[in-house]
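Novice: Got a structure for you, questions after.
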Amino acid sequence: MSIGIAMVVQDGVVMAVDSRGTGGNYSQQTTINDDTQKVFAFGSRCGIALAGTLDLGTAIIREARAALAPLDMRAPDVDEAARVISDVARQFWERNRLGQLPPDSRQAVLFLVGGLTADGSPRVYVIISQLNFTPQCPAEGYGVIGLPLFGMYWLNRVYSPGMDPEKGTSLASFIVAEAASQDGRIGGTIRTLAISRTSGTLMGPHQSIPQAVDDNVGVLSGIRDALVGGVLP
């Protein structure tokens with residue numbers, strides 16, 4: 001499992017994911033790869049993040065890239081990318097007879113699609129297998145996939161759609177690191193992608209999650225000190 005975050009900010013959208021791929025059942029997760037690619041730029045106007053069953057999700061993204069290739073000359077917008085991901089995922093599901101299971105019994109494959117519309121407005125979509133890959137556009141301006149509890153809490157408390165992009169990326173990275181500190185299925189490095197009207201799509205540098213967790217101590221100590229005094233152990 002993973003965590004992926006996408007949020008609307010000033011001038012565009014920022015995204016952040018971890019890089020851990022795991023295998024095994026829920027009670028005995030085995031880390032198999034801490035260098036898994038889960039966020040992808042699609043042209044200059046949108047990006048896609050992935051969580052859940054990574055081999056199925058990666059295969060769908062590969063087919064979506066091929067389907068979007070004819071649009072690359074003018075850079076597909078976020079609405080087009082969400083539509084293509086949805087259509088390709090449904091076709092992939094039916095072709096491999098994965099759609100015969102009830103929605104709540106299907107393998108979890110989850111996508112975030114974030115970027116700019118044809119008129120330059122920032123937008124985020126959540127697309128998941130349990131909802132038959134129907135694109136959902138959160139009214140709050142952000143989406144969280146994978147293990148959403150940690151992300152939803154912090155975003156509900158501090159997110160603003162008018163955030164500076166750098167601060168938005170810092171918040172998303174903070175949430176990924178905090179989620180990793182509480183659940184071993186999240187780990188590896190933090191990988192970010194920014195999509196803006198002025199700069200297109202820009203992948204950020206990889207950040208070690210253990211280092212990010214250490215960096216968060218100062219923020220958390222400040223919160224604890226304000227509430228109850230003392231410092232974090």
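Identifiers in this document derive from the order of the structure tokens: chains are assigned A, B, ..., residues are numbered from 1 separately in each chain, and ligands are numbered from 1 in order of occurrence.
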Compile the contact shell of segment 1-11 of chain A as a list in words: residues with an atom at most 6 Å away, counting only C-alpha atoms, same-chain residues fewer than 3 positions apart removed.
Specialist: Val14, Met15, Ala16, Val17, Ala51, Gly52, Gly141, Tyr142, Gly143, Val144, Ile145, Gly146, Leu147, Pro161, Gly162, Met163, Asp164, Pro165, Arg185, Ile186, Ser196 and Arg197 of chain A
Novice: Per DSSP on the backbone, what are the alpha helix (DSSP H) residues of segment 46-119 of chain A, as a PDB file with N, CA and C atoms, in the first residue's frame?
Specialist:
```
ATOM      1  N   LEU A  54       0.227  -2.327  -7.403  1.00  0.00           N
ATOM      2  CA  LEU A  54       1.087  -1.527  -8.263  1.00  0.00           C
ATOM      3  C   LEU A  54       1.277  -2.116  -9.648  1.00  0.00           C
ATOM      4  N   ASP A  55       1.336  -3.468  -9.765  1.00  0.00           N
ATOM      5  CA  ASP A  55       1.557  -4.036 -11.093  1.00  0.00           C
ATOM      6  C   ASP A  55       0.368  -3.759 -12.008  1.00  0.00           C
ATOM      7  N   LEU A  56      -0.859  -3.861 -11.468  1.00  0.00           N
ATOM      8  CA  LEU A  56      -2.032  -3.559 -12.287  1.00  0.00           C
ATOM      9  C   LEU A  56      -2.085  -2.064 -12.621  1.00  0.00           C
ATOM     10  N   GLY A  57      -1.832  -1.225 -11.633  1.00  0.00           N
ATOM     11  CA  GLY A  57      -1.870   0.214 -11.870  1.00  0.00           C
ATOM     12  C   GLY A  57      -0.830   0.659 -12.876  1.00  0.00           C
ATOM     13  N   THR A  58       0.376   0.093 -12.781  1.00  0.00           N
ATOM     14  CA  THR A  58       1.431   0.462 -13.721  1.00  0.00           C
ATOM     15  C   THR A  58       1.076   0.027 -15.143  1.00  0.00           C
ATOM     16  N   ALA A  59       0.458  -1.141 -15.288  1.00  0.00           N
ATOM     17  CA  ALA A  59       0.039  -1.602 -16.617  1.00  0.00           C
ATOM     18  C   ALA A  59      -1.015  -0.669 -17.207  1.00  0.00           C
ATOM     19  N   ILE A  60      -1.946  -0.212 -16.375  1.00  0.00           N
ATOM     20  CA  ILE A  60      -2.980   0.718 -16.841  1.00  0.00           C
ATOM     21  C   ILE A  60      -2.349   2.041 -17.266  1.00  0.00           C
ATOM     22  N   ILE A  61      -1.408   2.549 -16.483  1.00  0.00           N
ATOM     23  CA  ILE A  61      -0.742   3.806 -16.833  1.00  0.00           C
ATOM     24  C   ILE A  61       0.020   3.658 -18.148  1.00  0.00           C
ATOM     25  N   ARG A  62       0.656   2.507 -18.338  1.00  0.00           N
ATOM     26  CA  ARG A  62       1.388   2.275 -19.597  1.00  0.00           C
ATOM     27  C   ARG A  62       0.426   2.354 -20.794  1.00  0.00           C
ATOM     28  N   GLU A  63      -0.741   1.718 -20.655  1.00  0.00           N
ATOM     29  CA  GLU A  63      -1.711   1.762 -21.758  1.00  0.00           C
ATOM     30  C   GLU A  63      -2.293   3.162 -21.922  1.00  0.00           C
ATOM     31  N   ALA A  64      -2.469   3.874 -20.802  1.00  0.00           N
ATOM     32  CA  ALA A  64      -2.991   5.240 -20.893  1.00  0.00           C
ATOM     33  C   ALA A  64      -1.993   6.155 -21.604  1.00  0.00           C
ATOM     34  N   ARG A  65      -0.707   5.956 -21.348  1.00  0.00           N
ATOM     35  CA  ARG A  65       0.305   6.756 -22.049  1.00  0.00           C
ATOM     36  C   ARG A  65       0.190   6.568 -23.561  1.00  0.00           C
ATOM     37  N   ALA A  66       0.000   5.311 -23.972  1.00  0.00           N
ATOM     38  CA  ALA A  66      -0.135   5.044 -25.399  1.00  0.00           C
ATOM     39  C   ALA A  66      -1.392   5.709 -25.962  1.00  0.00           C
ATOM     40  N   ALA A  67      -2.476   5.678 -25.175  1.00  0.00           N
ATOM     41  CA  ALA A  67      -3.726   6.291 -25.632  1.00  0.00           C
ATOM     42  C   ALA A  67      -3.611   7.815 -25.687  1.00  0.00           C
ATOM     43  N   LEU A  68      -2.800   8.388 -24.775  1.00  0.00           N
ATOM     44  CA  LEU A  68      -2.641   9.841 -24.750  1.00  0.00           C
ATOM     45  C   LEU A  68      -1.603  10.339 -25.752  1.00  0.00           C
ATOM     46  N   VAL A  78      -5.965  18.027 -17.827  1.00  0.00           N
ATOM     47  CA  VAL A  78      -6.288  17.111 -16.734  1.00  0.00           C
ATOM     48  C   VAL A  78      -7.615  16.388 -16.971  1.00  0.00           C
ATOM     49  N   ASP A  79      -8.576  17.061 -17.602  1.00  0.00           N
ATOM     50  CA  ASP A  79      -9.856  16.410 -17.878  1.00  0.00           C
ATOM     51  C   ASP A  79      -9.680  15.273 -18.885  1.00  0.00           C
ATOM     52  N   GLU A  80      -8.892  15.517 -19.916  1.00  0.00           N
ATOM     53  CA  GLU A  80      -8.624  14.472 -20.905  1.00  0.00           C
ATOM     54  C   GLU A  80      -7.874  13.300 -20.266  1.00  0.00           C
ATOM     55  N   ALA A  81      -6.894  13.612 -19.432  1.00  0.00           N
ATOM     56  CA  ALA A  81      -6.118  12.544 -18.795  1.00  0.00           C
ATOM     57  C   ALA A  81      -6.997  11.702 -17.888  1.00  0.00           C
ATOM     58  N   ALA A  82      -7.887  12.337 -17.114  1.00  0.00           N
ATOM     59  CA  ALA A  82      -8.786  11.586 -16.233  1.00  0.00           C
ATOM     60  C   ALA A  82      -9.721  10.697 -17.039  1.00  0.00           C
ATOM     61  N   ARG A  83     -10.221  11.222 -18.147  1.00  0.00           N
ATOM     62  CA  ARG A  83     -11.123  10.427 -18.983  1.00  0.00           C
ATOM     63  C   ARG A  83     -10.394   9.220 -19.562  1.00  0.00           C
ATOM     64  N   VAL A  84      -9.174   9.424 -20.036  1.00  0.00           N
ATOM     65  CA  VAL A  84      -8.419   8.324 -20.642  1.00  0.00           C
ATOM     66  C   VAL A  84      -8.061   7.278 -19.593  1.00  0.00           C
ATOM     67  N   ILE A  85      -7.602   7.700 -18.415  1.00  0.00           N
ATOM     68  CA  ILE A  85      -7.301   6.746 -17.342  1.00  0.00           C
ATOM     69  C   ILE A  85      -8.536   5.924 -17.009  1.00  0.00           C
ATOM     70  N   SER A  86      -9.682   6.576 -16.881  1.00  0.00           N
ATOM     71  CA  SER A  86     -10.928   5.883 -16.564  1.00  0.00           C
ATOM     72  C   SER A  86     -11.288   4.872 -17.647  1.00  0.00           C
ATOM     73  N   ASP A  87     -11.249   5.297 -18.917  1.00  0.00           N
ATOM     74  CA  ASP A  87     -11.622   4.410 -20.018  1.00  0.00           C
ATOM     75  C   ASP A  87     -10.647   3.233 -20.135  1.00  0.00           C
ATOM     76  N   VAL A  88      -9.363   3.517 -20.073  1.00  0.00           N
ATOM     77  CA  VAL A  88      -8.358   2.460 -20.208  1.00  0.00           C
ATOM     78  C   VAL A  88      -8.465   1.472 -19.046  1.00  0.00           C
ATOM     79  N   ALA A  89      -8.657   1.980 -17.834  1.00  0.00           N
ATOM     80  CA  ALA A  89      -8.756   1.100 -16.670  1.00  0.00           C
ATOM     81  C   ALA A  89      -9.965   0.178 -16.781  1.00  0.00           C
ATOM     82  N   ARG A  90     -11.110   0.692 -17.220  1.00  0.00           N
ATOM     83  CA  ARG A  90     -12.294  -0.152 -17.375  1.00  0.00           C
ATOM     84  C   ARG A  90     -12.071  -1.222 -18.440  1.00  0.00           C
ATOM     85  N   GLN A  91     -11.455  -0.829 -19.554  1.00  0.00           N
ATOM     86  CA  GLN A  91     -11.175  -1.807 -20.617  1.00  0.00           C
ATOM     87  C   GLN A  91     -10.195  -2.870 -20.125  1.00  0.00           C
ATOM     88  N   PHE A  92      -9.175  -2.448 -19.402  1.00  0.00           N
ATOM     89  CA  PHE A  92      -8.190  -3.382 -18.847  1.00  0.00           C
ATOM     90  C   PHE A  92      -8.873  -4.345 -17.883  1.00  0.00           C
ATOM     91  N   TRP A  93      -9.754  -3.829 -17.054  1.00  0.00           N
ATOM     92  CA  TRP A  93     -10.472  -4.649 -16.059  1.00  0.00           C
ATOM     93  C   TRP A  93     -11.324  -5.707 -16.756  1.00  0.00           C
ATOM     94  N   GLU A  94     -12.053  -5.296 -17.783  1.00  0.00           N
ATOM     95  CA  GLU A  94     -12.923  -6.234 -18.484  1.00  0.00           C
ATOM     96  C   GLU A  94     -12.106  -7.251 -19.286  1.00  0.00           C
ATOM     97  N   ARG A  95     -11.051  -6.787 -19.927  1.00  0.00           N
ATOM     98  CA  ARG A  95     -10.221  -7.676 -20.740  1.00  0.00           C
ATOM     99  C   ARG A  95      -9.580  -8.774 -19.894  1.00  0.00           C
TER     100      ARG A  95
END
```
Novice: Which residues come within 7 Å of segment 128-133 of chain A, counting only C-alpha atoms, excluding same-chain residues fewer than 6 positions away, as a list in words?
Specialist: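 Result of the neighbour search: Ser86, Ala89, Arg90, Pro103, Asp104, Arg106, Ala108, Val109, Leu110 and Phe111 of chain A.
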Novice: Quick check, in Å to one decimal: how far apart do atom CA of Gly204 of chain A and atom CA of Met152 of chain A lie?
Specialist: 22.6 Å
Novice: Residues of segment 54-165 of chain A in strand (DSSP E) according to DSSP, as a count of residues only?
Specialist: 20
Novice: Let me make sure I understand: among A:Arg157, A:Arg20, A:Arg123, A:Arg191, which one has the smallest atom-to-atom distance to Asn33 of chain A if we use only C-alpha atoms?
Specialist: A:Arg20
Novice: Please identify all polymer residues within 6 Å of Asp18 of chain A, counting only C-alpha atoms, omitting same-chain residues fewer than 6 positions from it, and present them as a ChimeraX atom specification.
Specialist: /A:187,189-190
Novice: Considering only C-alpha atoms, state which residue in the set A:Ala194, A:Ala226, A:Val13, A:Val219 is at the smallest distance from Tyr125 of chain A.
Specialist: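 That would be A:Val13, the residue with the smallest distance to Tyr125 of chain A.
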Novice: Quick check, in Å to one decimal: how far apart do atom CA of Leu116 of chain A and atom CA of Ala179 of chain A lie?
Specialist: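 For atom CA of Leu116 of chain A relative to atom CA of Ala179 of chain A, the distance reads 27.6 Å.
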